[in-house]
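Shown next, in structure tokens, is the structure this report addresses.
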Amino acid sequence: GGRRVYRQLGYEPICIPRVKAALAAGYANPIEAEDAGALLPAMCGQCPAERFDTATEFDVFFGGAAGGSKTTSMIFLAIRLCARWAGFRVLFLRETFDELDENVFPELRKIDYADAIGGHWNAGRKQLDFPNGSTIRFRYLGDITDISLRRGGSYNMLCFDERNQLPPGAADGLRDRLRSAGEAPVVGVRSTGNPGGRSHSELKRDYVTATDHGSKVAEVVIPDTGARFERRFIPAKATDNPYLGDHYFFVVLGGIADPNLRKAMQDGNWDIFAGMY
């Protein structure tokens with residue numbers, strides 16, 4: 001079902017061997033290549049974007065280099081789950097509305113707000129609605145006090161985009177908003193981010209270090225309640241996105257003057273502290 005939804009929207013999570021094969025054959029993407037009759041390798045399921053899409057842990061952080069398709073991956077994951085479950089509610093957060101307008105809403109416009117599967121954009125409420133009662137609500141979280149503005153709803157999934165720029169403690173402050181009133185499951189927390197920013201230390205401690213750089217799943221115990229959940233870190237590098245091309249590496253990343261920050265943005269190196277508040 002998820003693959004069908006993605007096909008209708010002209011998307012699939014980046015499988016590096018498939019994308020490279022499609023590009024080498026002169027096509028824009030694997031879907032275009034297969035529609036033209038080209039033979040491509042099957043999705044391997046092991047690339048970072050694929051693992052993020054299928055992760056089952058309660059708390060998953062897709063983090064590392066800039067340009068790793070992280071935001072796009074999270075948007076489409078939210079859409080897929082909304083299509084799958086009636087009444088599925090998502091809260092999608094970024095630091096400011098300007099960042100939503102510049103980096104997130106253009107991704108929705110590219111697919112005509114998921115019109116192919118019945119999506120409808122409510123511009124006034126800044127949310128994407130679906131015929132089955134599911135919705136993705138887009139909001140800002142620029143300061144820890146903004147958490148109080150987001151506590152009025154119940155959600156099946158919380159999405160923190162560019163979480164390194166959000167205030168520390170944002171996820172902890174909203175975790176109790178995860179609940180389900182119907183048959184739709186509570187999926188949990190999904191986050192994306194890069195090294196640097198004001199939550200760098202929190203993300204490095206809770207995800208990078210706790211999972212030994214993504215080599216294992218960490219179990220988290222909430223002290224007050226004894227509740228347990230699993231936390232997963234999926235590292236990403238700029239080279240995990242074959243669509244970027246040489247222009248990105250030589251012009252975009254090359255334009256970052258600070259060599260430490262440039263390396264952090266390219267390799268997803270959380271041990272480099274450039275750019276931290």
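Ligands are numbered from 1 in the order shown, chains are lettered A, B, ... in the order of the structure tokens, and residues start at 1 in each chain.
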
Exercise: Arg94 in chain A partners within 12 Å, only C-alpha atoms, chain neighbours under 3 positions left out, as JSON, numbers by chain: {"A": [71, 91, 97, 98, 99, 100, 101, 102, 103, 104, 105, 137, 138, 139, 140, 141, 142, 143, 146, 158, 159, 160, 161, 162, 163, 164, 165, 166, 167, 170, 191, 192, 193]}

Do a neighbour search on Ala210 in chain A at 12 Å with only C-alpha atoms, toss out local chain neighbours closer than 5 positions, and write the hits as a PDB file with N, CA and C atoms, in the first residue's frame.
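The result, stored in selection04.pdb:
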ATOM      1  N   PHE A  61      15.613   9.368  14.860  1.00  0.00           N
ATOM      2  CA  PHE A  61      16.267  10.598  14.421  1.00  0.00           C
ATOM      3  C   PHE A  61      17.088  10.320  13.171  1.00  0.00           C
ATOM      4  N   GLU A 202      22.151  18.048  22.972  1.00  0.00           N
ATOM      5  CA  GLU A 202      21.082  17.128  23.336  1.00  0.00           C
ATOM      6  C   GLU A 202      20.978  15.992  22.326  1.00  0.00           C
ATOM      7  N   LEU A 203      21.020  16.314  21.038  1.00  0.00           N
ATOM      8  CA  LEU A 203      20.891  15.295  19.995  1.00  0.00           C
ATOM      9  C   LEU A 203      22.095  14.357  19.984  1.00  0.00           C
ATOM     10  N   LYS A 204      23.273  14.932  20.165  1.00  0.00           N
ATOM     11  CA  LYS A 204      24.462  14.087  20.184  1.00  0.00           C
ATOM     12  C   LYS A 204      24.411  13.116  21.363  1.00  0.00           C
ATOM     13  N   ARG A 205      24.008  13.589  22.521  1.00  0.00           N
ATOM     14  CA  ARG A 205      23.947  12.735  23.718  1.00  0.00           C
ATOM     15  C   ARG A 205      22.877  11.648  23.583  1.00  0.00           C
ATOM     16  N   SER A 215      24.793   2.321  15.535  1.00  0.00           N
ATOM     17  CA  SER A 215      25.090   0.891  15.398  1.00  0.00           C
ATOM     18  C   SER A 215      24.181   0.009  16.244  1.00  0.00           C
ATOM     19  N   LYS A 216      23.421   0.609  17.168  1.00  0.00           N
ATOM     20  CA  LYS A 216      22.500  -0.163  17.999  1.00  0.00           C
ATOM     21  C   LYS A 216      21.297   0.707  18.336  1.00  0.00           C
ATOM     22  N   VAL A 217      20.251   0.077  18.843  1.00  0.00           N
ATOM     23  CA  VAL A 217      19.058   0.781  19.294  1.00  0.00           C
ATOM     24  C   VAL A 217      19.164   1.010  20.793  1.00  0.00           C
ATOM     25  N   ALA A 218      18.869   2.227  21.227  1.00  0.00           N
ATOM     26  CA  ALA A 218      18.949   2.552  22.649  1.00  0.00           C
ATOM     27  C   ALA A 218      17.577   2.425  23.295  1.00  0.00           C
ATOM     28  N   GLU A 219      17.540   1.863  24.500  1.00  0.00           N
ATOM     29  CA  GLU A 219      16.300   1.798  25.268  1.00  0.00           C
ATOM     30  C   GLU A 219      16.265   2.962  26.241  1.00  0.00           C
ATOM     31  N   VAL A 220      15.152   3.674  26.258  1.00  0.00           N
ATOM     32  CA  VAL A 220      14.991   4.841  27.114  1.00  0.00           C
ATOM     33  C   VAL A 220      13.950   4.537  28.179  1.00  0.00           C
ATOM     34  N   GLU A 230      12.015   2.630  22.565  1.00  0.00           N
ATOM     35  CA  GLU A 230      13.267   2.472  21.830  1.00  0.00           C
ATOM     36  C   GLU A 230      13.574   3.716  21.015  1.00  0.00           C
ATOM     37  N   ARG A 231      14.856   4.045  20.968  1.00  0.00           N
ATOM     38  CA  ARG A 231      15.327   5.225  20.251  1.00  0.00           C
ATOM     39  C   ARG A 231      16.354   4.784  19.211  1.00  0.00           C
ATOM     40  N   ARG A 232      16.213   5.290  17.999  1.00  0.00           N
ATOM     41  CA  ARG A 232      17.097   4.897  16.893  1.00  0.00           C
ATOM     42  C   ARG A 232      17.689   6.121  16.209  1.00  0.00           C
ATOM     43  N   PHE A 233      18.945   6.023  15.837  1.00  0.00           N
ATOM     44  CA  PHE A 233      19.628   7.081  15.083  1.00  0.00           C
ATOM     45  C   PHE A 233      20.037   6.529  13.726  1.00  0.00           C
TER      46      PHE A 233
END

Range 106-114 of chain A surroundings by only C-alpha atoms, 10 Å radius, close-in-sequence under 3 positions cut, as a PyMOL selection string: chain A and resi 5-6+8-11+71-72+75-76+79+100-103+117-122+128-130

Please produce a file of the residues just selected, as a short mmCIF file (atom, residue, chain, number, x, y, z; two decimals), in the first residue's frame, where the atoms kept are N, CA and C atoms.
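Output saved as result_36.cif:
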data_model
loop_
_atom_site.label_atom_id
_atom_site.label_comp_id
_atom_site.auth_asym_id
_atom_site.auth_seq_id
_atom_site.Cartn_x
_atom_site.Cartn_y
_atom_site.Cartn_z
N VAL A 5 0.98 4.30 -2.85
CA VAL A 5 0.78 5.72 -2.55
C VAL A 5 1.95 6.54 -3.07
N TYR A 6 3.16 6.08 -2.81
CA TYR A 6 4.33 6.81 -3.27
C TYR A 6 4.37 6.90 -4.79
N GLN A 8 1.86 6.93 -6.84
CA GLN A 8 0.86 7.91 -7.27
C GLN A 8 1.38 9.34 -7.12
N LEU A 9 2.27 9.53 -6.17
CA LEU A 9 2.83 10.86 -5.92
C LEU A 9 4.16 11.08 -6.65
N GLY A 10 4.64 10.06 -7.36
CA GLY A 10 5.90 10.18 -8.09
C GLY A 10 7.11 10.20 -7.20
N TYR A 11 7.06 9.42 -6.12
CA TYR A 11 8.14 9.44 -5.12
C TYR A 11 8.50 8.03 -4.70
N THR A 71 14.33 16.09 5.09
CA THR A 71 13.03 16.74 5.19
C THR A 71 12.02 16.10 4.24
N THR A 72 12.44 15.86 3.00
CA THR A 72 11.56 15.22 2.03
C THR A 72 11.11 13.85 2.52
N ILE A 75 8.40 14.28 5.20
CA ILE A 75 7.12 14.73 4.65
C ILE A 75 6.36 13.56 4.03
N PHE A 76 7.05 12.77 3.21
CA PHE A 76 6.37 11.68 2.52
C PHE A 76 6.00 10.55 3.48
N ILE A 79 2.75 11.66 4.93
CA ILE A 79 1.67 11.51 3.95
C ILE A 79 1.27 10.04 3.81
N LEU A 100 9.25 27.00 7.27
CA LEU A 100 8.24 26.14 6.66
C LEU A 100 7.93 26.61 5.25
N ASP A 101 7.78 27.91 5.10
CA ASP A 101 7.42 28.48 3.80
C ASP A 101 8.52 28.30 2.77
N GLU A 102 9.77 28.34 3.21
CA GLU A 102 10.88 28.27 2.28
C GLU A 102 11.35 26.84 2.01
N ASN A 103 11.18 25.94 2.95
CA ASN A 103 11.78 24.61 2.83
C ASN A 103 10.81 23.45 2.83
N ILE A 117 -3.86 11.60 -4.26
CA ILE A 117 -4.46 10.67 -3.30
C ILE A 117 -5.53 11.36 -2.45
N GLY A 118 -6.02 12.50 -2.94
CA GLY A 118 -7.11 13.19 -2.27
C GLY A 118 -6.71 14.25 -1.27
N GLY A 119 -5.43 14.62 -1.25
CA GLY A 119 -4.98 15.64 -0.31
C GLY A 119 -5.58 17.00 -0.63
N HIS A 120 -5.84 17.78 0.40
CA HIS A 120 -6.39 19.13 0.24
C HIS A 120 -5.64 20.08 1.17
N TRP A 121 -5.10 21.16 0.63
CA TRP A 121 -4.35 22.12 1.42
C TRP A 121 -5.28 23.17 1.99
N ASN A 122 -5.32 23.27 3.31
CA ASN A 122 -6.07 24.30 4.00
C ASN A 122 -5.09 25.42 4.34
N LEU A 128 -2.55 19.96 5.90
CA LEU A 128 -2.87 19.13 4.76
C LEU A 128 -3.89 18.09 5.21
N ASP A 129 -5.08 18.13 4.62
CA ASP A 129 -6.16 17.25 5.02
C ASP A 129 -6.39 16.15 3.98
N PHE A 130 -6.89 15.00 4.46
CA PHE A 130 -7.15 13.86 3.59
C PHE A 130 -8.61 13.41 3.75
#

Just asking: which residues within range 53-264 of chain A are alpha helix (DSSP H) according to DSSP, as a compact mmCIF listing (two decimals) with all heavy atoms, in the first residue's frame?
# COMPACT_ATOMS: atom_id res chain seq x y z
N ASP A 53 12.19 5.32 6.47
CA ASP A 53 10.80 5.14 6.04
C ASP A 53 10.16 3.92 6.69
O ASP A 53 8.95 3.89 6.92
CB ASP A 53 10.74 5.02 4.51
CG ASP A 53 9.32 5.07 3.98
OD1 ASP A 53 8.71 6.16 4.03
OD2 ASP A 53 8.82 4.03 3.54
N THR A 54 10.96 2.90 6.98
CA THR A 54 10.40 1.65 7.51
C THR A 54 10.70 1.43 8.99
O THR A 54 10.34 0.38 9.54
CB THR A 54 10.94 0.45 6.71
OG1 THR A 54 12.38 0.44 6.78
CG2 THR A 54 10.52 0.53 5.25
N LYS A 70 16.51 14.51 4.04
CA LYS A 70 15.85 14.19 5.31
C LYS A 70 14.45 14.80 5.39
O LYS A 70 13.49 14.12 5.76
CB LYS A 70 16.73 14.66 6.47
CG LYS A 70 18.11 14.01 6.51
CD LYS A 70 18.91 14.42 7.72
CE LYS A 70 19.22 15.90 7.77
NZ LYS A 70 20.08 16.35 6.63
N THR A 71 14.33 16.09 5.09
CA THR A 71 13.03 16.74 5.19
C THR A 71 12.02 16.10 4.24
O THR A 71 10.88 15.80 4.62
CB THR A 71 13.16 18.24 4.88
OG1 THR A 71 13.96 18.87 5.89
CG2 THR A 71 11.79 18.91 4.86
N THR A 72 12.44 15.86 3.00
CA THR A 72 11.56 15.22 2.03
C THR A 72 11.11 13.85 2.52
O THR A 72 9.94 13.48 2.41
CB THR A 72 12.27 15.09 0.67
OG1 THR A 72 12.65 16.38 0.21
CG2 THR A 72 11.38 14.43 -0.36
N SER A 73 12.04 13.09 3.07
CA SER A 73 11.72 11.76 3.57
C SER A 73 10.66 11.82 4.65
O SER A 73 9.73 10.99 4.69
CB SER A 73 12.98 11.08 4.12
OG SER A 73 13.95 10.89 3.11
N MET A 74 10.74 12.80 5.54
CA MET A 74 9.79 12.88 6.64
C MET A 74 8.42 13.35 6.16
O MET A 74 7.38 12.88 6.64
CB MET A 74 10.31 13.80 7.75
CG MET A 74 9.49 13.72 9.03
SD MET A 74 10.40 14.19 10.52
CE MET A 74 10.67 15.94 10.21
N ILE A 75 8.40 14.28 5.20
CA ILE A 75 7.12 14.73 4.65
C ILE A 75 6.36 13.56 4.03
O ILE A 75 5.17 13.36 4.29
CB ILE A 75 7.35 15.84 3.60
CG1 ILE A 75 7.84 17.12 4.28
CG2 ILE A 75 6.06 16.11 2.83
CD1 ILE A 75 8.29 18.19 3.30
N PHE A 76 7.05 12.77 3.21
CA PHE A 76 6.37 11.68 2.52
C PHE A 76 6.00 10.55 3.48
O PHE A 76 4.98 9.89 3.29
CB PHE A 76 7.22 11.17 1.36
CG PHE A 76 7.06 12.00 0.12
CD1 PHE A 76 7.95 13.02 -0.17
CD2 PHE A 76 6.01 11.76 -0.75
CE1 PHE A 76 7.80 13.79 -1.32
CE2 PHE A 76 5.84 12.53 -1.90
CZ PHE A 76 6.73 13.55 -2.18
N LEU A 77 6.80 10.34 4.51
CA LEU A 77 6.42 9.36 5.52
C LEU A 77 5.11 9.77 6.18
O LEU A 77 4.21 8.94 6.36
CB LEU A 77 7.52 9.25 6.58
CG LEU A 77 7.18 8.42 7.83
CD1 LEU A 77 6.89 6.97 7.47
CD2 LEU A 77 8.31 8.51 8.86
N ALA A 78 4.98 11.05 6.53
CA ALA A 78 3.75 11.54 7.15
C ALA A 78 2.56 11.37 6.21
O ALA A 78 1.47 10.94 6.63
CB ALA A 78 3.91 13.01 7.54
N ILE A 79 2.75 11.66 4.93
CA ILE A 79 1.67 11.51 3.95
C ILE A 79 1.27 10.04 3.81
O ILE A 79 0.08 9.70 3.77
CB ILE A 79 2.10 12.09 2.59
CG1 ILE A 79 2.22 13.61 2.67
CG2 ILE A 79 1.11 11.69 1.49
CD1 ILE A 79 2.78 14.26 1.42
N ARG A 80 2.26 9.16 3.74
CA ARG A 80 1.96 7.73 3.61
C ARG A 80 1.13 7.21 4.78
O ARG A 80 0.16 6.46 4.59
CB ARG A 80 3.27 6.94 3.50
CG ARG A 80 3.06 5.42 3.50
CD ARG A 80 4.32 4.66 3.18
NE ARG A 80 5.34 4.71 4.20
CZ ARG A 80 5.33 3.99 5.33
NH1 ARG A 80 4.32 3.17 5.59
NH2 ARG A 80 6.33 4.07 6.19
N LEU A 81 1.50 7.60 5.98
CA LEU A 81 0.77 7.12 7.16
C LEU A 81 -0.63 7.72 7.22
O LEU A 81 -1.57 7.04 7.65
CB LEU A 81 1.56 7.45 8.42
CG LEU A 81 2.88 6.69 8.56
CD1 LEU A 81 3.68 7.21 9.75
CD2 LEU A 81 2.64 5.19 8.70
N CYS A 82 -0.78 8.96 6.77
CA CYS A 82 -2.11 9.56 6.72
C CYS A 82 -3.00 8.83 5.72
O CYS A 82 -4.20 8.66 5.95
CB CYS A 82 -2.01 11.04 6.35
SG CYS A 82 -1.50 12.12 7.71
N ALA A 83 -2.42 8.41 4.61
CA ALA A 83 -3.19 7.66 3.62
C ALA A 83 -3.55 6.27 4.13
O ALA A 83 -4.60 5.72 3.78
CB ALA A 83 -2.40 7.56 2.32
N ARG A 84 -2.68 5.71 4.95
CA ARG A 84 -2.88 4.33 5.44
C ARG A 84 -3.93 4.24 6.52
O ARG A 84 -4.73 3.30 6.56
CB ARG A 84 -1.53 3.78 5.95
CG ARG A 84 -1.61 2.48 6.73
CD ARG A 84 -2.08 1.33 5.85
NE ARG A 84 -2.14 0.07 6.59
CZ ARG A 84 -3.19 -0.32 7.32
NH1 ARG A 84 -4.26 0.46 7.42
NH2 ARG A 84 -3.16 -1.49 7.94
N PHE A 97 7.76 29.93 10.86
CA PHE A 97 6.90 29.79 9.70
C PHE A 97 7.66 30.12 8.42
O PHE A 97 7.37 29.57 7.35
CB PHE A 97 5.69 30.71 9.83
CG PHE A 97 4.47 30.00 10.33
CD1 PHE A 97 3.70 30.55 11.34
CD2 PHE A 97 4.07 28.77 9.81
CE1 PHE A 97 2.57 29.90 11.82
CE2 PHE A 97 2.95 28.11 10.27
CZ PHE A 97 2.20 28.68 11.28
N ASP A 98 8.63 31.05 8.50
CA ASP A 98 9.43 31.37 7.32
C ASP A 98 10.16 30.13 6.81
O ASP A 98 10.24 29.91 5.60
CB ASP A 98 10.44 32.48 7.65
CG ASP A 98 9.81 33.86 7.69
OD1 ASP A 98 8.66 33.99 7.20
OD2 ASP A 98 10.45 34.79 8.20
N GLU A 99 10.70 29.32 7.74
CA GLU A 99 11.40 28.12 7.31
C GLU A 99 10.44 27.10 6.72
O GLU A 99 10.77 26.40 5.76
CB GLU A 99 12.16 27.51 8.50
CG GLU A 99 13.37 28.33 8.91
CD GLU A 99 14.30 27.57 9.84
OE1 GLU A 99 13.95 26.42 10.20
OE2 GLU A 99 15.34 28.11 10.20
N PHE A 105 6.86 23.82 2.56
CA PHE A 105 5.71 24.00 1.68
C PHE A 105 6.04 23.84 0.21
O PHE A 105 5.19 23.33 -0.55
CB PHE A 105 5.05 25.35 1.95
CG PHE A 105 4.49 25.50 3.35
CD1 PHE A 105 4.25 26.74 3.90
CD2 PHE A 105 4.19 24.37 4.12
CE1 PHE A 105 3.74 26.87 5.18
CE2 PHE A 105 3.68 24.49 5.41
CZ PHE A 105 3.45 25.74 5.93
N PRO A 106 7.24 24.24 -0.27
CA PRO A 106 7.56 23.98 -1.68
C PRO A 106 7.54 22.49 -2.04
O PRO A 106 7.18 22.13 -3.16
CB PRO A 106 8.97 24.56 -1.83
CG PRO A 106 9.03 25.65 -0.83
CD PRO A 106 8.26 25.12 0.35
N GLU A 107 7.91 21.62 -1.07
CA GLU A 107 7.86 20.18 -1.32
C GLU A 107 6.41 19.73 -1.52
O GLU A 107 6.13 18.83 -2.33
CB GLU A 107 8.49 19.42 -0.16
CG GLU A 107 9.98 19.66 0.03
CD GLU A 107 10.79 19.07 -1.11
OE1 GLU A 107 10.40 18.01 -1.63
OE2 GLU A 107 11.81 19.67 -1.47
N LEU A 108 5.49 20.34 -0.79
CA LEU A 108 4.08 20.01 -0.95
C LEU A 108 3.53 20.52 -2.28
O LEU A 108 2.73 19.85 -2.93
CB LEU A 108 3.26 20.59 0.21
CG LEU A 108 3.60 20.09 1.61
CD1 LEU A 108 2.75 20.81 2.65
CD2 LEU A 108 3.40 18.58 1.71
N ARG A 109 3.98 21.70 -2.67
CA ARG A 109 3.51 22.25 -3.95
C ARG A 109 3.98 21.41 -5.13
O ARG A 109 3.28 21.30 -6.14
CB ARG A 109 3.97 23.70 -4.11
CG ARG A 109 3.24 24.68 -3.19
CD ARG A 109 3.47 26.11 -3.59
NE ARG A 109 4.82 26.56 -3.32
CZ ARG A 109 5.20 27.12 -2.16
NH1 ARG A 109 4.32 27.26 -1.17
NH2 ARG A 109 6.44 27.51 -1.98
N LYS A 110 5.17 20.81 -5.01
CA LYS A 110 5.68 19.97 -6.10
C LYS A 110 4.75 18.81 -6.41
O LYS A 110 4.69 18.35 -7.55
CB LYS A 110 7.07 19.42 -5.72
CG LYS A 110 8.20 20.43 -5.76
CD LYS A 110 9.50 19.75 -5.34
CE LYS A 110 10.64 20.73 -5.24
NZ LYS A 110 11.90 20.07 -4.75
N ALA A 170 12.27 20.17 23.39
CA ALA A 170 11.02 20.30 22.63
C ALA A 170 10.27 18.98 22.57
O ALA A 170 9.04 18.93 22.78
CB ALA A 170 11.33 20.81 21.22
N ALA A 171 10.97 17.90 22.27
CA ALA A 171 10.30 16.60 22.16
C ALA A 171 9.76 16.13 23.50
O ALA A 171 8.64 15.61 23.59
CB ALA A 171 11.27 15.57 21.59
N ASP A 172 10.54 16.32 24.57
CA ASP A 172 10.08 15.91 25.89
C ASP A 172 8.82 16.67 26.30
O ASP A 172 7.92 16.12 26.94
CB ASP A 172 11.18 16.13 26.93
CG ASP A 172 12.34 15.18 26.76
OD1 ASP A 172 12.15 14.13 26.13
OD2 ASP A 172 13.45 15.49 27.24
N GLY A 173 8.76 17.94 25.91
CA GLY A 173 7.63 18.77 26.30
C GLY A 173 6.34 18.43 25.58
O GLY A 173 5.26 18.82 26.03
N LEU A 174 6.43 17.72 24.46
CA LEU A 174 5.23 17.42 23.68
C LEU A 174 4.93 15.93 23.59
O LEU A 174 3.92 15.54 23.00
CB LEU A 174 5.38 17.99 22.26
CG LEU A 174 5.28 19.50 22.14
CD1 LEU A 174 5.67 19.96 20.74
CD2 LEU A 174 3.88 19.97 22.47
N HIS A 200 22.30 20.84 19.53
CA HIS A 200 23.37 19.93 19.12
C HIS A 200 23.75 18.97 20.25
O HIS A 200 23.81 17.76 20.05
CB HIS A 200 24.60 20.75 18.70
CG HIS A 200 25.80 19.92 18.38
ND1 HIS A 200 26.23 19.70 17.09
CD2 HIS A 200 26.69 19.26 19.17
CE1 HIS A 200 27.32 18.93 17.10
NE2 HIS A 200 27.61 18.66 18.37
N SER A 201 24.00 19.51 21.42
CA SER A 201 24.47 18.67 22.54
C SER A 201 23.42 17.64 22.93
O SER A 201 23.75 16.48 23.21
CB SER A 201 24.84 19.54 23.74
OG SER A 201 25.94 20.38 23.43
N GLU A 202 22.15 18.05 22.97
CA GLU A 202 21.08 17.13 23.34
C GLU A 202 20.98 15.99 22.33
O GLU A 202 20.87 14.82 22.70
CB GLU A 202 19.75 17.88 23.40
CG GLU A 202 18.55 16.99 23.69
CD GLU A 202 17.25 17.75 23.61
OE1 GLU A 202 16.85 18.13 22.47
OE2 GLU A 202 16.62 17.97 24.66
N LEU A 203 21.02 16.31 21.04
CA LEU A 203 20.89 15.30 20.00
C LEU A 203 22.09 14.36 19.98
O LEU A 203 21.95 13.14 19.82
CB LEU A 203 20.72 15.97 18.63
CG LEU A 203 19.44 16.77 18.46
CD1 LEU A 203 19.46 17.53 17.13
CD2 LEU A 203 18.21 15.88 18.56
N GLY A 245 24.62 15.93 -7.04
CA GLY A 245 25.59 16.23 -8.09
C GLY A 245 26.77 17.05 -7.60
O GLY A 245 26.83 17.49 -6.45
N ASP A 246 27.72 17.27 -8.50
CA ASP A 246 28.95 17.97 -8.15
C ASP A 246 28.70 19.42 -7.76
O ASP A 246 29.44 19.99 -6.96
CB ASP A 246 29.95 17.92 -9.31
CG ASP A 246 30.47 16.51 -9.55
OD1 ASP A 246 30.38 15.68 -8.63
OD2 ASP A 246 30.96 16.25 -10.67
N HIS A 247 27.66 20.04 -8.34
CA HIS A 247 27.39 21.45 -8.04
C HIS A 247 27.19 21.65 -6.54
O HIS A 247 27.69 22.61 -5.96
CB HIS A 247 26.13 21.90 -8.80
CG HIS A 247 25.66 23.28 -8.40
ND1 HIS A 247 26.18 24.43 -8.94
CD2 HIS A 247 24.72 23.68 -7.49
CE1 HIS A 247 25.58 25.48 -8.40
NE2 HIS A 247 24.70 25.05 -7.51
N PRO A 259 35.93 25.74 7.74
CA PRO A 259 36.22 24.36 7.30
C PRO A 259 35.62 23.30 8.21
O PRO A 259 35.23 22.23 7.76
CB PRO A 259 37.75 24.30 7.30
CG PRO A 259 38.18 25.40 8.21
CD PRO A 259 37.15 26.48 8.07
N ASN A 260 35.54 23.59 9.51
CA ASN A 260 34.95 22.64 10.44
C ASN A 260 33.46 22.47 10.19
O ASN A 260 32.93 21.35 10.16
CB ASN A 260 35.19 23.08 11.89
CG ASN A 260 36.64 22.96 12.29
OD1 ASN A 260 37.34 22.06 11.84
ND2 ASN A 260 37.10 23.86 13.14
N LEU A 261 32.77 23.59 10.02
CA LEU A 261 31.34 23.53 9.76
C LEU A 261 31.07 22.90 8.40
O LEU A 261 30.12 22.13 8.24
CB LEU A 261 30.72 24.93 9.82
CG LEU A 261 29.20 25.00 9.64
CD1 LEU A 261 28.50 24.16 10.68
CD2 LEU A 261 28.73 26.44 9.71
N ARG A 262 31.92 23.19 7.43
CA ARG A 262 31.76 22.59 6.09
C ARG A 262 31.88 21.07 6.16
O ARG A 262 31.08 20.35 5.57
CB ARG A 262 32.80 23.16 5.13
CG ARG A 262 32.67 22.63 3.70
CD ARG A 262 33.53 23.43 2.73
NE ARG A 262 34.94 23.35 3.03
CZ ARG A 262 35.69 24.37 3.47
NH1 ARG A 262 35.13 25.55 3.67
NH2 ARG A 262 36.97 24.20 3.71
N LYS A 263 32.83 20.59 6.93
CA LYS A 263 33.01 19.15 7.07
C LYS A 263 31.83 18.53 7.82
O LYS A 263 31.36 17.43 7.48
CB LYS A 263 34.32 18.84 7.80
CG LYS A 263 34.62 17.34 7.92
CD LYS A 263 35.99 17.10 8.48
CE LYS A 263 36.27 15.61 8.65
NZ LYS A 263 36.13 14.87 7.37
N ALA A 264 31.34 19.24 8.83
CA ALA A 264 30.20 18.73 9.58
C ALA A 264 28.98 18.62 8.68
O ALA A 264 28.22 17.64 8.74
CB ALA A 264 29.90 19.65 10.77

Residue nearest Pro30 in chain A - candidates A:Ala227, A:Pro242, A:Gly152, A:Pro235, atoms counted: only C-alpha atoms: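 Of A:Ala227, A:Pro242, A:Gly152, A:Pro235, the one nearest Pro30 in chain A is A:Pro242, counting only C-alpha atoms.
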
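Of the residues listed (A:Val60, A:Ala24, A:Ala36, A:Ala86), A:Ala86 shows the shortest atom-to-atom separation from Ala181 in chain A; distances use only C-alpha atoms.
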
DSSP strand (DSSP E) residues within range 87-138 of chain A, listed as a ChimeraX atom specification: /A:89-94,120-122,127-129,135-138
